[in-house]
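Here's my_file.txt, which has compact mmCIF, C-alpha atoms:
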```txt
# COMPACT_ATOMS: atom_id res chain seq x y z
CA MET U 31 -63.33 -34.22 -129.89
CA ILE U 32 -64.19 -37.92 -129.84
CA VAL U 33 -63.41 -40.37 -127.04
CA GLU U 34 -63.84 -44.13 -127.25
CA GLY U 35 -63.38 -46.63 -124.45
CA ARG U 36 -64.71 -49.41 -122.26
CA ALA U 37 -67.56 -48.37 -119.97
CA TRP U 38 -67.65 -48.55 -116.20
CA VAL U 39 -71.24 -47.89 -115.10
CA PHE U 40 -72.16 -46.22 -111.81
CA GLY U 41 -75.58 -45.30 -110.45
CA ASP U 42 -77.28 -42.13 -109.31
CA ASP U 43 -75.98 -39.63 -106.73
CA ILE U 44 -72.35 -40.75 -106.74
CA ASN U 45 -70.76 -38.49 -104.14
CA SER U 46 -67.42 -36.78 -104.66
CA ASP U 47 -66.36 -38.35 -101.32
CA LEU U 48 -66.34 -41.73 -103.11
CA LEU U 49 -64.22 -40.32 -105.92
CA TYR U 50 -61.72 -38.44 -103.76
CA PRO U 51 -62.01 -39.57 -100.13
CA GLN U 52 -60.57 -37.60 -97.24
CA ALA U 53 -57.89 -40.26 -96.70
CA ALA U 54 -56.39 -39.37 -100.10
CA PHE U 55 -55.99 -35.66 -99.36
CA GLY U 56 -52.39 -34.56 -99.24
CA LEU U 57 -51.09 -37.69 -100.95
CA PRO U 58 -49.27 -37.51 -104.28
CA LEU U 59 -51.71 -38.23 -107.12
CA ASP U 60 -50.05 -41.58 -107.87
CA GLU U 61 -50.88 -42.71 -104.32
CA ALA U 62 -54.24 -40.97 -104.05
CA ILE U 63 -55.64 -42.82 -107.08
CA GLY U 64 -55.67 -46.01 -104.99
CA TYR U 65 -58.55 -44.52 -102.97
CA VAL U 66 -60.92 -43.81 -105.88
CA PHE U 67 -64.16 -45.75 -105.31
CA ARG U 68 -62.46 -47.84 -102.61
CA ALA U 69 -65.51 -47.58 -100.32
CA ASN U 70 -68.07 -48.82 -102.85
CA ARG U 71 -65.94 -50.80 -105.33
CA PRO U 72 -62.83 -52.16 -103.63
CA GLY U 73 -60.18 -53.14 -106.17
CA TRP U 74 -61.76 -51.16 -109.00
CA VAL U 75 -58.63 -49.08 -109.58
CA ASP U 76 -56.70 -52.28 -110.33
CA LEU U 77 -59.13 -53.14 -113.14
CA VAL U 78 -59.20 -49.75 -114.88
CA GLN U 79 -57.18 -49.42 -118.06
CA PRO U 80 -56.09 -46.25 -119.82
CA GLY U 81 -58.85 -45.06 -122.12
CA ASP U 82 -61.76 -46.38 -120.04
CA VAL U 83 -64.90 -44.26 -119.70
CA ILE U 84 -67.11 -43.72 -116.66
CA VAL U 85 -70.86 -43.76 -117.30
CA GLY U 86 -72.89 -42.39 -114.41
CA GLY U 87 -76.50 -41.90 -113.51
CA ARG U 88 -78.19 -38.74 -112.29
CA ASN U 89 -76.28 -36.17 -110.22
CA PHE U 90 -72.88 -37.79 -110.71
CA GLY U 91 -70.18 -36.13 -108.60
CA MET U 92 -72.53 -34.53 -106.08
CA GLY U 93 -71.11 -33.24 -102.83
CA SER U 94 -68.12 -31.05 -102.24
CA ALA U 95 -65.85 -29.45 -104.81
CA ARG U 96 -63.11 -32.06 -104.68
CA THR U 97 -60.93 -32.12 -107.77
CA ALA U 98 -61.65 -35.74 -108.59
CA GLY U 99 -61.05 -35.10 -112.29
CA ALA U 100 -57.30 -34.96 -111.69
CA LEU U 101 -57.40 -38.36 -109.97
CA LEU U 102 -59.53 -39.91 -112.69
CA ARG U 103 -57.20 -38.58 -115.40
CA ARG U 104 -54.14 -39.92 -113.56
CA LEU U 105 -55.92 -43.27 -113.29
CA GLY U 106 -56.35 -43.29 -117.08
CA ILE U 107 -60.05 -42.48 -117.38
CA ALA U 108 -60.52 -40.90 -120.81
CA ALA U 109 -63.91 -39.28 -120.14
CA CYS U 110 -67.05 -39.30 -118.04
CA THR U 111 -70.61 -39.21 -119.28
CA ALA U 112 -73.69 -39.27 -117.08
CA ASP U 113 -77.42 -38.71 -117.16
CA SER U 114 -76.56 -35.50 -115.28
CA PHE U 115 -73.65 -34.06 -113.32
CA ALA U 116 -73.34 -32.00 -110.19
CA SER U 117 -72.22 -28.62 -111.49
CA LEU U 118 -69.03 -28.52 -109.39
CA PHE U 119 -67.90 -31.94 -110.64
CA PHE U 120 -68.66 -30.96 -114.23
CA ARG U 121 -66.61 -27.77 -114.05
CA ASN U 122 -63.78 -29.37 -112.06
CA GLY U 123 -63.60 -32.07 -114.72
CA ILE U 124 -63.21 -29.50 -117.49
CA ASN U 125 -60.73 -27.50 -115.42
CA THR U 126 -58.50 -30.55 -114.93
CA GLY U 127 -58.77 -31.63 -118.58
CA LEU U 128 -61.20 -34.52 -117.99
CA PRO U 129 -63.83 -34.63 -120.75
CA VAL U 130 -67.34 -34.68 -119.25
CA LEU U 131 -70.56 -34.96 -121.23
CA ALA U 132 -74.05 -34.69 -119.75
CA CYS U 133 -76.27 -37.10 -121.66
CA PRO U 134 -79.74 -37.87 -120.29
CA GLY U 135 -80.59 -41.52 -120.92
CA VAL U 136 -77.00 -42.72 -121.32
CA THR U 137 -77.38 -45.33 -118.57
CA ALA U 138 -80.28 -46.85 -120.50
CA VAL U 139 -78.09 -47.54 -123.56
CA VAL U 140 -74.77 -48.60 -122.00
CA GLU U 141 -73.92 -51.56 -119.82
CA GLU U 142 -70.68 -52.07 -117.99
CA GLY U 143 -67.90 -53.46 -120.16
CA GLN U 144 -69.39 -52.31 -123.44
CA ARG U 145 -67.44 -49.97 -125.70
CA VAL U 146 -68.74 -46.43 -126.08
CA ARG U 147 -67.97 -43.42 -128.26
CA LEU U 148 -68.54 -39.89 -126.98
CA ASP U 149 -68.61 -37.04 -129.47
CA LEU U 150 -68.17 -33.99 -127.28
CA GLY U 151 -68.72 -31.64 -130.21
CA THR U 152 -72.18 -33.01 -131.01
CA GLY U 153 -73.16 -34.50 -127.64
CA LEU U 154 -73.84 -37.94 -129.12
CA VAL U 155 -73.00 -41.08 -127.14
CA ARG U 156 -73.01 -44.33 -129.11
CA ASN U 157 -72.73 -47.83 -127.73
CA LEU U 158 -70.28 -49.40 -130.17
CA ASP U 159 -71.35 -52.93 -129.22
CA THR U 160 -75.12 -52.50 -129.74
CA GLY U 161 -75.44 -49.38 -131.89
CA ALA U 162 -77.76 -47.74 -129.33
CA GLU U 163 -77.41 -43.98 -128.99
CA ALA U 164 -78.27 -41.21 -126.54
CA GLN U 165 -78.16 -37.52 -127.34
CA GLY U 166 -76.60 -35.17 -124.84
CA ALA U 167 -75.73 -31.50 -124.86
CA ARG U 168 -72.69 -30.68 -126.98
CA LEU U 169 -69.89 -28.88 -125.23
CA PRO U 170 -69.38 -25.23 -126.20
CA ALA U 171 -66.28 -24.39 -128.23
CA GLU U 172 -64.65 -22.65 -125.26
CA LEU U 173 -64.88 -25.77 -123.11
CA LEU U 174 -63.63 -27.98 -125.95
CA GLU U 175 -60.66 -25.65 -126.33
CA THR U 176 -59.94 -25.91 -122.60
CA LEU U 177 -60.09 -29.71 -122.79
CA THR U 178 -57.86 -30.01 -125.84
CA GLY U 179 -55.40 -27.71 -124.08
CA GLY U 180 -55.13 -30.07 -121.10
CA GLY U 181 -57.33 -28.11 -118.69
CA VAL U 182 -57.70 -24.55 -117.57
CA LEU U 183 -54.25 -24.11 -116.01
CA ALA U 184 -52.44 -25.57 -118.99
CA SER U 185 -54.50 -23.36 -121.31
CA LEU U 186 -53.68 -20.24 -119.30
CA GLU U 187 -49.97 -21.16 -119.20
CA ARG U 188 -49.86 -21.74 -122.96
CA ARG U 189 -51.42 -18.31 -123.56
CA GLY U 190 -48.90 -16.69 -121.25
CA LEU U 191 -51.52 -15.58 -118.75
CA ILE U 192 -49.96 -17.43 -115.81
CA ALA U 193 -46.48 -18.75 -115.12
CA PRO U 194 -45.92 -22.50 -115.21
CA PRO U 195 -45.59 -24.09 -111.78
CA ALA U 196 -42.10 -24.63 -110.40
CA ARG U 197 -41.11 -28.22 -111.07
```
Show this structure as structure tokens.
Amino acid sequence: MIVEGRAWVFGDDINSDLLYPQAAFGLPLDEAIGYVFRANRPGWVDLVQPGDVIVGGRNFGMGSARTAGALLRRLGIAACTADSFASLFFRNGINTGLPVLACPGVTAVVEEGQRVRLDLGTGLVRNLDTGAEAQGARLPAELLETLTGGGVLASLERRGLIAPPAR
């Protein structure tokens, strides 16, 4: 699985409260996306385009187990890569179908606005503008299968293990 897109770079210790603030709870996803990063980057959601990639520093997504991956996907974010992830954010990303790739050193090779390619099968992140690379941990086949299936719920529905939600 390969993802390419324009990079949005964030620093270390980005809290899940910034990704999915309390004010967005209970709102439909199309409304809740307006709150993503509002506290630290007002107007950012208006600049994001489908296919963009978030590049984070250490401990990206720390904090509570908010399902920010669903908001980021609805916003059009194609994937997230970071020097390291909080474990809850990482798993919530996979569960909601948001590709996430831990890649130590990625913030040293990517600047905001540059185009990046993430190969989730090998763990390689390449800056398409400069050619610089960082090697992360490849995702296991089971997680890749969950991602290509649209997330854990979609995968379970497709396999007949749970009923689809009432629409």
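Residues within 7 Å of Gly99 (chain U), counting only C-alpha atoms and excluding same-chain residues fewer than 6 positions away, are Asn122, Gly123, Thr126 and Leu128 of chain U.
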Can you pull out every residue within 9 Å of Val155 (chain U), counting all atoms listed in the file, but drop anything in the same chain fewer than 6 positions away, and send it as an MDAnalysis selection string?
chainID U and resid 111 131 133 136 139 146:149 162:166
Could you list, as a PyMOL selection string, every residue within 12 Å of Ala37 (chain U), counting all atoms listed in the file and ignoring same-chain residues fewer than 4 positions away?
chain U and resi 33+77-86+107-112+136-137+139-148+155-159
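Of note, CA of Arg36 (chain U) and CA of Leu101 (chain U) are spaced 18.1 Å apart.
If you count all atoms listed in the file and draw a sphere of 10 Å around (-62.7, -47.9, -107.1), the protein and nucleic acid residues inside it come out as U:Leu48, U:Leu49, U:Ile63, U:Gly64, U:Tyr65, U:Val66, U:Phe67, U:Arg68, U:Ala69, U:Asn70, U:Arg71, U:Pro72, U:Gly73, U:Trp74, U:Val75, U:Asp76, U:Leu77, U:Val78.
Of the listed residues U:Ala184, U:Leu57, U:Ala100, U:Met31, the one whose atoms come nearest to Gly151 (chain U) is U:Met31, with distances taken using all atoms listed in the file.
Among the candidates U:Pro129, U:Gly179, U:Gly87, U:Gly153, the one nearest to Asp42 (chain U) when counting all atoms listed in the file is U:Gly87.
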